[in-house]
Amino acid sequence: MEIYQGTIKTFFKEFKDIFDGKKIYLIVDENTFQHINYLEETFSVTSTHLKLESGEKNKNFNNVLKIWNFLNRNNVKSSDLLFILGGGMLTDLAGFAASTYKRGIEFIYFPTSLLAMADAAIGGKTGFNYQFLKNNIGTFTLPKAIFLDTTFLTTLPKIELDSGMAEVYKHSIIGDADLWNYLKVNPKKLDLDYIIQSSKNLKLEIVNKDPYEKSIRKKLNFGHTMGHAIESYLLDSNTPTLHGFAIAKGMIIESFIAKKENLLNENYFHEISTVLSNKFKPYLNFRIDSKSIIRFMLSDKKNTQNTINFSLPVKIGEVTINHELELKKVDSYLLEFFQND
Ligand code: NAD
């Protein structure tokens with residue numbers, strides 16, 4: 001797998017070798033559709049496309065079927081190429097469809113959201129939501145290539161850019177204190193290429209050592225045990241939230257748990273919760289029922305009947321894994337957190 005960062009034009013020559021003689025099929029949503037011309041003109045290709053509806057609610061089996069039907073209808077062969085032009089919802093969903101169609105066809109990600117560039121497109125996890133569970137069904141499959149081109153971000157709504165920032169902050173807490181300090185000092189004026197590169201490198205370093213999440217890849221789950229439960233809980237409510245904001249709240253709560261477990265000192269907790277609360281201020285006023293959140297965490301594949309498995313920070317730049325906490329304890333921590341929230 002190759003990862004290219006820069007405007008896609010720069011990679012035209014190398015890329016020509018990948019697609020020479022292949023038929024190109026393309027998956028987009030109604031918002032990323034506008035970038036088809038840029039892609040086709042830059043690479044001098046024409047493609048047949050399928051346009052899906054955007055949004056986390058559409059990361060479902062019905063849309064996997066639509067992609068398989070599209071591929072069948074066009075008699076796509078394993079020698080053909082699938083381009084996936086979209087945010088993390090589309091890279092996960094279409095990546096899954098491609099990884100299972102005819103036991104896997106080659107696909108290329110053109111991530112168009114910050115979240116997908118900094119995180120979702122990297123590391124090979126594909127999947128979709130099933131029976132109210134986030135990413136309940138999925139595979140580990142790497143695309144043939146990933147193109148990280150910030151030109152796509154010019155049309156991304158600000159709220160989506162902010163949501164993507166949550167995963168960048170997460171990567172900084174997990175293992176890049178320099179990035180954290182950069183974000184702390186420059187919360188508004190960001191060098192997108194720098195933060196995407198740092199974020200991608202951190203994730204790559206981890207997933208290359210542990211591609212199937214047997215050990216250190218679990219570090220990436222920081223904020224996600226709680227965050228996915230919050231996201232799933234709100235997904236079906238009248239007030240769904242974006243992935244990044246659920247994760248931002250998840251990181252604050254899990255840092256509180258780390259403090260309660262004497263893993264993270266008060267100063268670090270204060271710094272993490274203050275920086276994240278300020279950065280994501282307009283987006284974190286969720287109405288959350290902690291009992292329901294616990295129910296969602298229990299149905300997470302990582303947890304057992306009586307314990308919940310957390311990845312918890314010990315300082316900014318270091319997260320430790322496999323903290324199995326009793327349900328009762330998590331319940332009381334959540335109660336305490338929400339009382340003071
Ligand atoms: P998304 O794909 O739903 O995109 C957000 C919105 O922005 C959508 O409406 C989309 O159409 C629009 N959009 C995307 N690019 C655009 C552009 N350039 N211009 C205009 N609009 C654009 O969501 P996301 O935030 O990109 O990703 C969230 C998803 O990523 C979640 O499903 C999450 O589970 C997944 N994820 C996966 C991994 C992984 O390792 N596989 C990691 C983190 C997150």
# chains A, B, ... in the order shown; residues from 1 in each chain; ligands from 1
$ residues_near_ligand --ligand "ligand 1" --cutoff "7 Å" --atoms "only C-alpha atoms and all ligand atoms" --output "VMD selection string"
chain A and resid 29 to 32 54 to 56 59 86 to 90 92 112 to 116 119 to 126 134 to 135 152 to 157 160 163 to 164 242 to 244
$ write_last_selection --atoms "N, CA and C atoms" --output "compact mmCIF listing (two decimals), in the first residue's frame"
# COMPACT_ATOMS: atom_id res chain seq x y z
N ASP A 29 -20.55 10.42 -2.43
CA ASP A 29 -21.86 10.78 -1.90
C ASP A 29 -22.26 12.13 -2.49
N GLU A 30 -23.42 12.63 -2.10
CA GLU A 30 -23.92 13.84 -2.79
C GLU A 30 -23.02 15.05 -2.53
N ASN A 31 -22.21 15.01 -1.50
CA ASN A 31 -21.32 16.16 -1.22
C ASN A 31 -19.95 16.03 -1.86
N THR A 32 -19.51 14.80 -2.05
CA THR A 32 -18.16 14.63 -2.62
C THR A 32 -18.22 14.49 -4.15
N SER A 54 -25.18 10.62 1.99
CA SER A 54 -24.16 10.79 3.03
C SER A 54 -24.76 10.58 4.42
N GLY A 55 -23.91 10.56 5.42
CA GLY A 55 -24.38 10.54 6.82
C GLY A 55 -24.17 9.19 7.48
N GLU A 56 -23.88 9.24 8.78
CA GLU A 56 -23.60 8.03 9.56
C GLU A 56 -24.76 7.04 9.51
N LYS A 59 -24.46 4.44 6.89
CA LYS A 59 -23.34 3.48 6.93
C LYS A 59 -23.95 2.13 7.34
N GLY A 86 -14.52 10.12 -0.51
CA GLY A 86 -15.44 10.54 0.53
C GLY A 86 -14.80 10.61 1.89
N GLY A 87 -15.65 10.90 2.88
CA GLY A 87 -15.20 10.96 4.27
C GLY A 87 -15.10 9.55 4.86
N GLY A 88 -14.92 9.51 6.17
CA GLY A 88 -14.70 8.23 6.85
C GLY A 88 -15.87 7.28 6.76
N MET A 89 -17.08 7.84 6.66
CA MET A 89 -18.25 6.97 6.52
C MET A 89 -18.13 6.16 5.23
N LEU A 90 -17.75 6.87 4.15
CA LEU A 90 -17.69 6.21 2.84
C LEU A 90 -16.46 5.31 2.72
N ASP A 92 -15.02 3.67 5.13
CA ASP A 92 -15.33 2.45 5.90
C ASP A 92 -16.30 1.55 5.12
N THR A 112 -11.83 12.74 1.71
CA THR A 112 -12.19 14.14 1.44
C THR A 112 -12.48 14.93 2.70
N SER A 113 -12.52 14.26 3.86
CA SER A 113 -12.73 14.99 5.12
C SER A 113 -11.43 14.94 5.92
N LEU A 114 -11.30 15.88 6.84
CA LEU A 114 -10.10 15.87 7.68
C LEU A 114 -10.03 14.58 8.49
N LEU A 115 -11.20 14.16 9.00
CA LEU A 115 -11.23 12.95 9.82
C LEU A 115 -10.74 11.73 9.04
N ALA A 116 -11.15 11.65 7.79
CA ALA A 116 -10.74 10.51 6.98
C ALA A 116 -9.25 10.59 6.64
N ASP A 119 -7.22 9.98 9.95
CA ASP A 119 -7.49 8.78 10.73
C ASP A 119 -8.16 7.66 9.94
N ALA A 120 -9.44 7.86 9.54
CA ALA A 120 -10.26 6.73 9.09
C ALA A 120 -9.67 5.96 7.91
N ALA A 121 -9.02 6.68 6.99
CA ALA A 121 -8.51 5.99 5.79
C ALA A 121 -7.24 5.19 6.07
N ILE A 122 -6.64 5.44 7.24
CA ILE A 122 -5.35 4.81 7.56
C ILE A 122 -5.58 3.59 8.44
N GLY A 123 -4.93 2.49 8.15
CA GLY A 123 -4.94 1.38 9.10
C GLY A 123 -5.77 0.17 8.72
N GLY A 124 -6.56 0.28 7.64
CA GLY A 124 -7.19 -0.93 7.10
C GLY A 124 -8.49 -1.38 7.71
N LYS A 125 -9.04 -0.65 8.70
CA LYS A 125 -10.33 -1.08 9.24
C LYS A 125 -11.45 -0.61 8.31
N THR A 126 -12.30 -1.56 7.90
CA THR A 126 -13.48 -1.20 7.11
C THR A 126 -14.71 -1.68 7.87
N LYS A 134 -22.06 0.40 16.35
CA LYS A 134 -21.07 1.02 15.47
C LYS A 134 -20.10 -0.03 14.95
N ASN A 135 -19.85 -0.02 13.66
CA ASN A 135 -18.84 -0.88 13.05
C ASN A 135 -18.95 -2.33 13.49
N PHE A 152 -9.36 18.88 -1.38
CA PHE A 152 -10.75 18.44 -1.12
C PHE A 152 -11.36 19.20 0.06
N LEU A 153 -10.51 19.60 1.00
CA LEU A 153 -11.04 20.20 2.25
C LEU A 153 -11.63 21.59 2.03
N THR A 154 -11.34 22.19 0.86
CA THR A 154 -11.85 23.55 0.62
C THR A 154 -13.38 23.60 0.64
N THR A 155 -14.03 22.47 0.39
CA THR A 155 -15.51 22.48 0.38
C THR A 155 -16.09 21.85 1.65
N LEU A 156 -15.23 21.42 2.55
CA LEU A 156 -15.74 20.74 3.75
C LEU A 156 -16.31 21.76 4.74
N PRO A 157 -17.57 21.55 5.20
CA PRO A 157 -18.15 22.51 6.16
C PRO A 157 -17.31 22.59 7.44
N GLU A 160 -17.60 19.99 10.13
CA GLU A 160 -16.97 18.70 9.82
C GLU A 160 -15.45 18.78 10.03
N SER A 163 -15.00 18.45 13.68
CA SER A 163 -15.18 17.05 14.10
C SER A 163 -13.90 16.25 13.83
N GLY A 164 -13.31 16.49 12.67
CA GLY A 164 -12.07 15.78 12.32
C GLY A 164 -10.93 16.10 13.27
N LEU A 242 -21.82 14.41 15.70
CA LEU A 242 -20.82 13.93 14.76
C LEU A 242 -19.81 13.06 15.50
N HIS A 243 -19.21 12.13 14.76
CA HIS A 243 -18.26 11.18 15.34
C HIS A 243 -17.22 11.87 16.23
N GLY A 244 -16.59 12.91 15.68
CA GLY A 244 -15.50 13.56 16.40
C GLY A 244 -15.93 14.14 17.74
$ residues_around --residues "A:Ile321" --least-positions-apart "3" --cutoff "8 Å" --atoms "only C-alpha atoms" --output "PyMOL selection string"
chain A and resi 215-216+218-219+310-312
$ closest_atom_pairs --of "stretch 186-269 of chain A" --to "stretch 165-169 of chain A" --cutoff "9 Å" --atoms "only C-alpha atoms" --output "CSV"
residue,atom,partner,partner_atom,distance
A:Ile195,CA,A:Val168,CA,7.1
A:Ile196,CA,A:Val168,CA,7.7
A:Ser198,CA,A:Val168,CA,8.5
A:Ser199,CA,A:Val168,CA,5.8
A:Lys200,CA,A:Val168,CA,8.9
A:His243,CA,A:Ala166,CA,8.7
A:Gly244,CA,A:Ala166,CA,5.0
A:Phe245,CA,A:Ala166,CA,6.8
A:Ala246,CA,A:Ala166,CA,8.9
A:Ile247,CA,A:Ala166,CA,6.7
A:Ala248,CA,A:Ala166,CA,5.6
$ write_last_selection --atoms "N, CA and C atoms" --output "PDB file, in the first residue's frame"
ATOM      1  N   ILE A 195      -0.698  18.921  10.378  1.00  0.00           N
ATOM      2  CA  ILE A 195      -1.424  18.085  11.342  1.00  0.00           C
ATOM      3  C   ILE A 195      -1.863  16.750  10.720  1.00  0.00           C
ATOM      4  N   ILE A 196      -2.155  16.769   9.424  1.00  0.00           N
ATOM      5  CA  ILE A 196      -2.532  15.493   8.775  1.00  0.00           C
ATOM      6  C   ILE A 196      -1.308  14.568   8.738  1.00  0.00           C
ATOM      7  N   SER A 198       1.350  14.575  10.768  1.00  0.00           N
ATOM      8  CA  SER A 198       1.696  14.084  12.107  1.00  0.00           C
ATOM      9  C   SER A 198       0.709  13.014  12.542  1.00  0.00           C
ATOM     10  N   SER A 199      -0.546  13.278  12.296  1.00  0.00           N
ATOM     11  CA  SER A 199      -1.598  12.373  12.729  1.00  0.00           C
ATOM     12  C   SER A 199      -1.496  11.027  12.009  1.00  0.00           C
ATOM     13  N   LYS A 200      -1.306  11.123  10.701  1.00  0.00           N
ATOM     14  CA  LYS A 200      -1.172   9.906   9.887  1.00  0.00           C
ATOM     15  C   LYS A 200       0.064   9.101  10.317  1.00  0.00           C
ATOM     16  N   HIS A 243     -19.209  12.133  14.755  1.00  0.00           N
ATOM     17  CA  HIS A 243     -18.264  11.183  15.344  1.00  0.00           C
ATOM     18  C   HIS A 243     -17.224  11.874  16.227  1.00  0.00           C
ATOM     19  N   GLY A 244     -16.593  12.907  15.683  1.00  0.00           N
ATOM     20  CA  GLY A 244     -15.497  13.561  16.403  1.00  0.00           C
ATOM     21  C   GLY A 244     -15.934  14.144  17.740  1.00  0.00           C
ATOM     22  N   PHE A 245     -17.155  14.682  17.783  1.00  0.00           N
ATOM     23  CA  PHE A 245     -17.599  15.317  19.027  1.00  0.00           C
ATOM     24  C   PHE A 245     -17.884  14.255  20.102  1.00  0.00           C
ATOM     25  N   ALA A 246     -18.424  13.109  19.671  1.00  0.00           N
ATOM     26  CA  ALA A 246     -18.633  12.012  20.624  1.00  0.00           C
ATOM     27  C   ALA A 246     -17.275  11.555  21.168  1.00  0.00           C
ATOM     28  N   ILE A 247     -16.276  11.525  20.303  1.00  0.00           N
ATOM     29  CA  ILE A 247     -14.940  11.086  20.723  1.00  0.00           C
ATOM     30  C   ILE A 247     -14.302  12.139  21.649  1.00  0.00           C
ATOM     31  N   ALA A 248     -14.520  13.417  21.342  1.00  0.00           N
ATOM     32  CA  ALA A 248     -13.971  14.470  22.209  1.00  0.00           C
ATOM     33  C   ALA A 248     -14.540  14.327  23.617  1.00  0.00           C
TER      34      ALA A 248
END
$ select_by_dssp --residues "stretch 162-302 of chain A" --states "alpha helix (DSSP H)" --output "ChimeraX atom specification"
/A:162-175,177-185,192-209,224-235,243-260,266-279,290-298
$ residues_around --residues "stretch 328-336 of chain A" --least-positions-apart "5" --cutoff "9 Å" --atoms "only C-alpha atoms" --output "ChimeraX atom specification"
/A:253,256-257,260,290-291,294,306-308,341
$ atom_distance --atom1 "atom CA of A:Ser255" --atom2 "atom CA of A:Asp176"
16.5 Å
$ select_by_dssp --residues "stretch 132-303 of chain A" --states "strand (DSSP E or B)" --output "number ranges by chain"
A: 133-140, 145-148
$ write_last_selection --atoms "all heavy atoms" --output "mmCIF file, in the first residue's frame"
data_model
loop_
_atom_site.group_PDB
_atom_site.id
_atom_site.type_symbol
_atom_site.label_atom_id
_atom_site.label_comp_id
_atom_site.auth_asym_id
_atom_site.auth_seq_id
_atom_site.Cartn_x
_atom_site.Cartn_y
_atom_site.Cartn_z
ATOM 1 N N LEU A 133 -25.230 -1.003 16.444
ATOM 2 C CA LEU A 133 -23.852 -1.073 16.940
ATOM 3 C C LEU A 133 -22.892 -0.525 15.899
ATOM 4 O O LEU A 133 -22.901 -0.956 14.734
ATOM 5 C CB LEU A 133 -23.479 -2.517 17.287
ATOM 6 C CG LEU A 133 -24.303 -3.111 18.435
ATOM 7 C CD1 LEU A 133 -23.925 -4.567 18.655
ATOM 8 C CD2 LEU A 133 -24.067 -2.324 19.714
ATOM 9 N N LYS A 134 -22.056 0.402 16.354
ATOM 10 C CA LYS A 134 -21.072 1.024 15.469
ATOM 11 C C LYS A 134 -20.097 -0.027 14.953
ATOM 12 O O LYS A 134 -19.559 -0.825 15.728
ATOM 13 C CB LYS A 134 -20.251 2.037 16.274
ATOM 14 C CG LYS A 134 -20.893 3.379 16.466
ATOM 15 C CD LYS A 134 -20.656 4.332 15.306
ATOM 16 C CE LYS A 134 -19.226 4.609 14.965
ATOM 17 N NZ LYS A 134 -19.050 5.355 13.737
ATOM 18 N N ASN A 135 -19.852 -0.016 13.663
ATOM 19 C CA ASN A 135 -18.835 -0.880 13.050
ATOM 20 C C ASN A 135 -18.952 -2.334 13.495
ATOM 21 O O ASN A 135 -17.947 -3.016 13.701
ATOM 22 C CB ASN A 135 -17.417 -0.363 13.382
ATOM 23 C CG ASN A 135 -17.258 1.095 13.003
ATOM 24 O OD1 ASN A 135 -17.814 1.550 12.012
ATOM 25 N ND2 ASN A 135 -16.519 1.846 13.803
ATOM 26 N N ASN A 136 -20.199 -2.783 13.631
ATOM 27 C CA ASN A 136 -20.472 -4.131 14.121
ATOM 28 C C ASN A 136 -19.930 -5.210 13.176
ATOM 29 O O ASN A 136 -19.516 -6.277 13.587
ATOM 30 C CB ASN A 136 -21.993 -4.249 14.285
ATOM 31 C CG ASN A 136 -22.425 -5.481 15.029
ATOM 32 O OD1 ASN A 136 -23.474 -6.033 14.740
ATOM 33 N ND2 ASN A 136 -21.646 -5.931 15.977
ATOM 34 N N ILE A 137 -19.949 -4.903 11.883
ATOM 35 C CA ILE A 137 -19.465 -5.863 10.886
ATOM 36 C C ILE A 137 -18.326 -5.189 10.120
ATOM 37 O O ILE A 137 -18.467 -4.038 9.709
ATOM 38 C CB ILE A 137 -20.573 -6.219 9.864
ATOM 39 C CG1 ILE A 137 -21.905 -6.528 10.548
ATOM 40 C CG2 ILE A 137 -20.127 -7.339 8.943
ATOM 41 C CD1 ILE A 137 -21.992 -7.810 11.303
ATOM 42 N N GLY A 138 -17.221 -5.907 9.942
ATOM 43 C CA GLY A 138 -16.129 -5.264 9.210
ATOM 44 C C GLY A 138 -14.966 -6.198 8.925
ATOM 45 O O GLY A 138 -14.978 -7.368 9.297
ATOM 46 N N THR A 139 -13.996 -5.655 8.234
ATOM 47 C CA THR A 139 -12.793 -6.430 7.895
ATOM 48 C C THR A 139 -11.554 -5.558 8.154
ATOM 49 O O THR A 139 -11.665 -4.354 8.353
ATOM 50 C CB THR A 139 -12.767 -6.794 6.380
ATOM 51 O OG1 THR A 139 -12.665 -5.565 5.620
ATOM 52 C CG2 THR A 139 -13.998 -7.547 5.949
ATOM 53 N N PHE A 140 -10.419 -6.203 8.143
ATOM 54 C CA PHE A 140 -9.152 -5.467 8.076
ATOM 55 C C PHE A 140 -8.651 -5.627 6.648
ATOM 56 O O PHE A 140 -8.227 -6.720 6.262
ATOM 57 C CB PHE A 140 -8.109 -6.093 9.014
ATOM 58 C CG PHE A 140 -8.287 -5.760 10.465
ATOM 59 C CD1 PHE A 140 -8.835 -6.683 11.350
ATOM 60 C CD2 PHE A 140 -7.865 -4.536 10.970
ATOM 61 C CE1 PHE A 140 -8.974 -6.383 12.702
ATOM 62 C CE2 PHE A 140 -8.002 -4.231 12.316
ATOM 63 C CZ PHE A 140 -8.555 -5.159 13.188
ATOM 64 N N ALA A 145 -3.881 2.149 -2.453
ATOM 65 C CA ALA A 145 -3.210 3.438 -2.236
ATOM 66 C C ALA A 145 -4.159 4.411 -1.553
ATOM 67 O O ALA A 145 -5.375 4.230 -1.584
ATOM 68 C CB ALA A 145 -2.754 4.024 -3.579
ATOM 69 N N ILE A 146 -3.547 5.414 -0.925
ATOM 70 C CA ILE A 146 -4.340 6.483 -0.302
ATOM 71 C C ILE A 146 -3.737 7.808 -0.757
ATOM 72 O O ILE A 146 -2.513 7.984 -0.701
ATOM 73 C CB ILE A 146 -4.247 6.415 1.245
ATOM 74 C CG1 ILE A 146 -4.685 5.042 1.756
ATOM 75 C CG2 ILE A 146 -5.096 7.513 1.892
ATOM 76 C CD1 ILE A 146 -4.402 4.830 3.245
ATOM 77 N N PHE A 147 -4.593 8.720 -1.203
ATOM 78 C CA PHE A 147 -4.126 10.045 -1.615
ATOM 79 C C PHE A 147 -4.642 11.098 -0.649
ATOM 80 O O PHE A 147 -5.862 11.271 -0.523
ATOM 81 C CB PHE A 147 -4.603 10.358 -3.041
ATOM 82 C CG PHE A 147 -3.869 9.575 -4.080
ATOM 83 C CD1 PHE A 147 -4.285 8.298 -4.424
ATOM 84 C CD2 PHE A 147 -2.749 10.100 -4.692
ATOM 85 C CE1 PHE A 147 -3.591 7.556 -5.375
ATOM 86 C CE2 PHE A 147 -2.050 9.369 -5.646
ATOM 87 C CZ PHE A 147 -2.469 8.091 -5.987
ATOM 88 N N LEU A 148 -3.737 11.756 0.040
ATOM 89 C CA LEU A 148 -4.130 12.782 1.013
ATOM 90 C C LEU A 148 -3.912 14.150 0.375
ATOM 91 O O LEU A 148 -2.784 14.635 0.292
ATOM 92 C CB LEU A 148 -3.288 12.644 2.283
ATOM 93 C CG LEU A 148 -3.348 11.267 2.959
ATOM 94 C CD1 LEU A 148 -2.358 11.183 4.115
ATOM 95 C CD2 LEU A 148 -4.753 10.968 3.450
#
$ atom_distance --atom1 "atom CA of A:Glu326" --atom2 "atom CA of A:Phe128"
28.7 Å
$ residues_around --residues "stretch 100-103 of chain A" --least-positions-apart "5" --cutoff "12 Å" --atoms "only C-alpha atoms" --output "PDB file with N, CA, C and O atoms, in the first residue's frame"
ATOM      1  N   VAL A  64     -24.266  -1.227   1.591  1.00  0.00           N
ATOM      2  CA  VAL A  64     -23.291  -2.232   1.148  1.00  0.00           C
ATOM      3  C   VAL A  64     -23.896  -2.984  -0.040  1.00  0.00           C
ATOM      4  O   VAL A  64     -23.238  -3.186  -1.074  1.00  0.00           O
ATOM      5  N   LEU A  65     -25.187  -3.345   0.111  1.00  0.00           N
ATOM      6  CA  LEU A  65     -25.869  -4.049  -0.989  1.00  0.00           C
ATOM      7  C   LEU A  65     -25.891  -3.205  -2.259  1.00  0.00           C
ATOM      8  O   LEU A  65     -25.675  -3.729  -3.357  1.00  0.00           O
ATOM      9  N   LYS A  66     -26.129  -1.894  -2.084  1.00  0.00           N
ATOM     10  CA  LYS A  66     -26.162  -1.004  -3.266  1.00  0.00           C
ATOM     11  C   LYS A  66     -24.814  -1.036  -3.987  1.00  0.00           C
ATOM     12  O   LYS A  66     -24.757  -1.018  -5.217  1.00  0.00           O
ATOM     13  N   ILE A  67     -23.732  -1.060  -3.204  1.00  0.00           N
ATOM     14  CA  ILE A  67     -22.402  -1.078  -3.843  1.00  0.00           C
ATOM     15  C   ILE A  67     -22.179  -2.425  -4.545  1.00  0.00           C
ATOM     16  O   ILE A  67     -21.744  -2.471  -5.698  1.00  0.00           O
ATOM     17  N   TRP A  68     -22.510  -3.523  -3.862  1.00  0.00           N
ATOM     18  CA  TRP A  68     -22.339  -4.842  -4.513  1.00  0.00           C
ATOM     19  C   TRP A  68     -23.184  -4.918  -5.786  1.00  0.00           C
ATOM     20  O   TRP A  68     -22.724  -5.428  -6.808  1.00  0.00           O
ATOM     21  N   ASN A  69     -24.424  -4.397  -5.728  1.00  0.00           N
ATOM     22  CA  ASN A  69     -25.288  -4.424  -6.924  1.00  0.00           C
ATOM     23  C   ASN A  69     -24.671  -3.609  -8.061  1.00  0.00           C
ATOM     24  O   ASN A  69     -24.682  -4.026  -9.221  1.00  0.00           O
ATOM     25  N   PHE A  70     -24.130  -2.447  -7.695  1.00  0.00           N
ATOM     26  CA  PHE A  70     -23.472  -1.580  -8.687  1.00  0.00           C
ATOM     27  C   PHE A  70     -22.288  -2.317  -9.337  1.00  0.00           C
ATOM     28  O   PHE A  70     -22.107  -2.293 -10.564  1.00  0.00           O
ATOM     29  N   LEU A  71     -21.515  -3.010  -8.513  1.00  0.00           N
ATOM     30  CA  LEU A  71     -20.348  -3.718  -9.045  1.00  0.00           C
ATOM     31  C   LEU A  71     -20.792  -4.880  -9.944  1.00  0.00           C
ATOM     32  O   LEU A  71     -20.246  -5.098 -11.027  1.00  0.00           O
ATOM     33  N   ASN A  72     -21.830  -5.595  -9.515  1.00  0.00           N
ATOM     34  CA  ASN A  72     -22.363  -6.697 -10.326  1.00  0.00           C
ATOM     35  C   ASN A  72     -22.935  -6.199 -11.638  1.00  0.00           C
ATOM     36  O   ASN A  72     -22.665  -6.770 -12.698  1.00  0.00           O
ATOM     37  N   ASN A  75     -20.478  -5.569 -13.997  1.00  0.00           N
ATOM     38  CA  ASN A  75     -19.616  -6.723 -14.245  1.00  0.00           C
ATOM     39  C   ASN A  75     -18.146  -6.417 -13.920  1.00  0.00           C
ATOM     40  O   ASN A  75     -17.236  -6.677 -14.710  1.00  0.00           O
ATOM     41  N   VAL A  76     -17.938  -5.835 -12.751  1.00  0.00           N
ATOM     42  CA  VAL A  76     -16.591  -5.421 -12.352  1.00  0.00           C
ATOM     43  C   VAL A  76     -15.716  -6.654 -12.103  1.00  0.00           C
ATOM     44  O   VAL A  76     -16.145  -7.624 -11.481  1.00  0.00           O
ATOM     45  N   LYS A  77     -14.508  -6.582 -12.620  1.00  0.00           N
ATOM     46  CA  LYS A  77     -13.589  -7.724 -12.505  1.00  0.00           C
ATOM     47  C   LYS A  77     -12.536  -7.423 -11.443  1.00  0.00           C
ATOM     48  O   LYS A  77     -12.291  -6.260 -11.115  1.00  0.00           O
ATOM     49  N   SER A  78     -11.876  -8.473 -11.008  1.00  0.00           N
ATOM     50  CA  SER A  78     -10.859  -8.239  -9.974  1.00  0.00           C
ATOM     51  C   SER A  78      -9.679  -7.442 -10.524  1.00  0.00           C
ATOM     52  O   SER A  78      -8.871  -6.909  -9.774  1.00  0.00           O
ATOM     53  N   SER A  79      -9.604  -7.337 -11.864  1.00  0.00           N
ATOM     54  CA  SER A  79      -8.526  -6.530 -12.446  1.00  0.00           C
ATOM     55  C   SER A  79      -8.904  -5.046 -12.528  1.00  0.00           C
ATOM     56  O   SER A  79      -8.079  -4.213 -12.876  1.00  0.00           O
ATOM     57  N   ASP A  80     -10.164  -4.715 -12.211  1.00  0.00           N
ATOM     58  CA  ASP A  80     -10.598  -3.314 -12.253  1.00  0.00           C
ATOM     59  C   ASP A  80     -10.245  -2.622 -10.939  1.00  0.00           C
ATOM     60  O   ASP A  80      -9.764  -3.259 -10.007  1.00  0.00           O
ATOM     61  N   LEU A  82     -11.508   0.256  -7.878  1.00  0.00           N
ATOM     62  CA  LEU A  82     -12.578   1.062  -7.291  1.00  0.00           C
ATOM     63  C   LEU A  82     -11.966   2.265  -6.590  1.00  0.00           C
ATOM     64  O   LEU A  82     -11.101   2.113  -5.720  1.00  0.00           O
ATOM     65  N   LEU A  93     -17.391   2.154   4.670  1.00  0.00           N
ATOM     66  CA  LEU A  93     -18.486   1.393   4.051  1.00  0.00           C
ATOM     67  C   LEU A  93     -18.066   0.790   2.701  1.00  0.00           C
ATOM     68  O   LEU A  93     -18.214  -0.417   2.467  1.00  0.00           O
ATOM     69  N   ALA A  94     -17.538   1.632   1.814  1.00  0.00           N
ATOM     70  CA  ALA A  94     -17.183   1.158   0.479  1.00  0.00           C
ATOM     71  C   ALA A  94     -15.924   0.288   0.549  1.00  0.00           C
ATOM     72  O   ALA A  94     -15.760  -0.642  -0.244  1.00  0.00           O
ATOM     73  N   GLY A  95     -15.048   0.598   1.520  1.00  0.00           N
ATOM     74  CA  GLY A  95     -13.867  -0.258   1.734  1.00  0.00           C
ATOM     75  C   GLY A  95     -14.320  -1.670   2.105  1.00  0.00           C
ATOM     76  O   GLY A  95     -13.773  -2.662   1.616  1.00  0.00           O
ATOM     77  N   THR A 126     -12.296  -1.563   7.895  1.00  0.00           N
ATOM     78  CA  THR A 126     -13.479  -1.202   7.109  1.00  0.00           C
ATOM     79  C   THR A 126     -14.706  -1.685   7.869  1.00  0.00           C
ATOM     80  O   THR A 126     -14.567  -2.490   8.791  1.00  0.00           O
ATOM     81  N   GLY A 127     -15.889  -1.221   7.499  1.00  0.00           N
ATOM     82  CA  GLY A 127     -17.062  -1.773   8.181  1.00  0.00           C
ATOM     83  C   GLY A 127     -18.288  -0.901   8.082  1.00  0.00           C
ATOM     84  O   GLY A 127     -18.273   0.169   7.477  1.00  0.00           O
ATOM     85  N   ILE A 137     -19.949  -4.903  11.883  1.00  0.00           N
ATOM     86  CA  ILE A 137     -19.465  -5.863  10.886  1.00  0.00           C
ATOM     87  C   ILE A 137     -18.326  -5.189  10.120  1.00  0.00           C
ATOM     88  O   ILE A 137     -18.467  -4.038   9.709  1.00  0.00           O
ATOM     89  N   GLY A 138     -17.221  -5.907   9.942  1.00  0.00           N
ATOM     90  CA  GLY A 138     -16.129  -5.264   9.210  1.00  0.00           C
ATOM     91  C   GLY A 138     -14.966  -6.198   8.925  1.00  0.00           C
ATOM     92  O   GLY A 138     -14.978  -7.368   9.297  1.00  0.00           O
ATOM     93  N   THR A 139     -13.996  -5.655   8.234  1.00  0.00           N
ATOM     94  CA  THR A 139     -12.793  -6.430   7.895  1.00  0.00           C
ATOM     95  C   THR A 139     -11.554  -5.558   8.154  1.00  0.00           C
ATOM     96  O   THR A 139     -11.665  -4.354   8.353  1.00  0.00           O
ATOM     97  N   PHE A 140     -10.419  -6.203   8.143  1.00  0.00           N
ATOM     98  CA  PHE A 140      -9.152  -5.467   8.076  1.00  0.00           C
ATOM     99  C   PHE A 140      -8.651  -5.627   6.648  1.00  0.00           C
ATOM    100  O   PHE A 140      -8.227  -6.720   6.262  1.00  0.00           O
ATOM    101  N   THR A 141      -8.744  -4.609   5.858  1.00  0.00           N
ATOM    102  CA  THR A 141      -8.244  -4.700   4.474  1.00  0.00           C
ATOM    103  C   THR A 141      -7.622  -3.369   4.062  1.00  0.00           C
ATOM    104  O   THR A 141      -8.252  -2.318   4.203  1.00  0.00           O
TER     105      THR A 141
END
$ atom_distance --atom1 "atom CA of A:Ala118" --atom2 "atom CA of A:Gly175"
14.3 Å
$ closest_residue --among "A:Gln34, A:Asn129, A:Asn238, A:Thr42" --to "A:Asn62" --atoms "only C-alpha atoms"
A:Asn129
$ residues_around --residues "A:Ile174" --least-positions-apart "6" --cutoff "10 Å" --atoms "only C-alpha atoms" --output "list in words"
Val168, Trp180, Leu202, Lys203, Lys219, Leu220, Asn221, Phe222, Ser311, Leu312, Pro313, Val314, Lys315, Ile316, Gly317, Glu318, Val319 and Thr320 of chain A
